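Have a look at the structure below before the remarks.
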Amino acid sequence: MMRYTRVMASDLLDFRLDGGATWLNLLATRGRPFAAHPIERLTDAARLAEWLEAVDLNPAAAPTDADLAATRALREALRVLALAVTSDDAGGDATTLERFLTPPPAPTVIDGELRMPQPATTTDALSRIAWEGALHLAGPERRNLHECAAEGCRYVFADPSGRRRYCPSAACATRERVRAHRARQKASVTAAD
């Protein structure tokens, strides 16, 4: 007996924080970007504020619609560069990313712990994300980046083991297992005819 699980719309809008780095989690704010119906999780400035709080980059000033547009631009620039790295493609234009690479603040020691100060603005938060992405994409850790093999997903995630075929979302692996099962069933019915 097969059980079907209904995926609620609110579940689709939940933030994914399983990519292995904040900049990779930013990529997940647009789910299944290459599918017929992508899932936009940053629907407005308020949702951007929620995401920034979830990744501990909550700016002192509330995000604006212009910040939302800038965040989406950074996200897509990072996505193109990440996919170029995972496919060993020399392509990928870093021009958009460069706009976000302003000098980051120095970390400070607070109560004996090394910490970064709270970003004053969303622009400051985006700069930190851009630096994290640029350093990951240009450094030796780029070899740990992998692309989800699920149709329509192509989420880039960090996997130092190199064993994962699908992103950390159980949905992608499940969807691909179901797709493969149906293809095998269809092939066996066709072979029997």
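We name chains A, B, ... following the order of the structure tokens; residues begin at 1 in each chain, and ligands are numbered from 1 as shown.
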
- alpha helix (DSSP H) residues, from DSSP on the backbone, in stretch 69-126 of chain A, as a PyMOL selection string: chain A and resi 69-86+95-100+122-126

- Please provide the set of residues having any atom within 6 Å of stretch 10-20 of chain A, restricted to only C-alpha atoms, with same-chain residues fewer than 2 positions apart removed, written as a ChimeraX atom specification. /A:8,24-25,41,157-158

- Which residue out of A:Glu53, A:Glu132, A:Asp89, A:Glu113 has the minimum interatomic distance to A:Thr22 when only C-alpha atoms are used? A:Glu132

- Message: Can you pull out the residues contacting A:Ser87? Cut-off 12 Å, using only C-alpha atoms, and skip same-chain residues under 2 positions away; I want them as an MDAnalysis selection string.
- Response: chainID A and resid 80:85 89:92 142:143 145:149 154 156

Prev. selection, C-alpha atoms, output as a PDB file, in the first residue's frame:
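result_31.pdb, freshly written:
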ATOM      1  CA  VAL A  80      25.728  30.953 -11.851  1.00  0.00           C
ATOM      2  CA  LEU A  81      29.236  30.939 -10.399  1.00  0.00           C
ATOM      3  CA  ALA A  82      28.530  27.885  -8.224  1.00  0.00           C
ATOM      4  CA  LEU A  83      27.108  25.922 -11.153  1.00  0.00           C
ATOM      5  CA  ALA A  84      30.163  26.858 -13.202  1.00  0.00           C
ATOM      6  CA  VAL A  85      32.377  25.419 -10.457  1.00  0.00           C
ATOM      7  CA  ASP A  89      32.957  25.241 -16.585  1.00  0.00           C
ATOM      8  CA  ALA A  90      35.240  28.226 -16.975  1.00  0.00           C
ATOM      9  CA  GLY A  91      32.120  30.386 -17.441  1.00  0.00           C
ATOM     10  CA  GLY A  92      30.445  32.535 -14.891  1.00  0.00           C
ATOM     11  CA  ARG A 142      35.257  24.600  -4.057  1.00  0.00           C
ATOM     12  CA  ARG A 143      36.051  20.908  -4.551  1.00  0.00           C
ATOM     13  CA  LEU A 145      30.648  21.756  -3.842  1.00  0.00           C
ATOM     14  CA  HIS A 146      28.202  19.435  -5.553  1.00  0.00           C
ATOM     15  CA  GLU A 147      25.046  19.912  -7.584  1.00  0.00           C
ATOM     16  CA  CYS A 148      21.847  18.052  -6.764  1.00  0.00           C
ATOM     17  CA  ALA A 149      21.077  15.513  -9.491  1.00  0.00           C
ATOM     18  CA  ARG A 154      20.383  21.793  -9.253  1.00  0.00           C
ATOM     19  CA  VAL A 156      24.559  23.485  -4.940  1.00  0.00           C
TER      20      VAL A 156
END

- Task: Find, counting only C-alpha atoms, the residue in A:Ala150, A:Leu126, A:Ala62, A:Leu74 that gets nearest to A:Arg179.
- Result: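 Result for the nearest residue to A:Arg179: A:Ala150.
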
- Mind checking which residues fall within 7 Å of A:Asn58, counting only C-alpha atoms, ignoring those fewer than 2 positions away in the same chain, and posting them as a PyMOL selection string? chain A and resi 49+52-53+56+60+118-119

- Task: Would you work out the distance separating atom CA of A:Gly152 from atom CA of A:Ala21, expressed in Å to one decimal?
- Result: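 About the pair atom CA of A:Gly152 and atom CA of A:Ala21: they are 21.5 Å apart.
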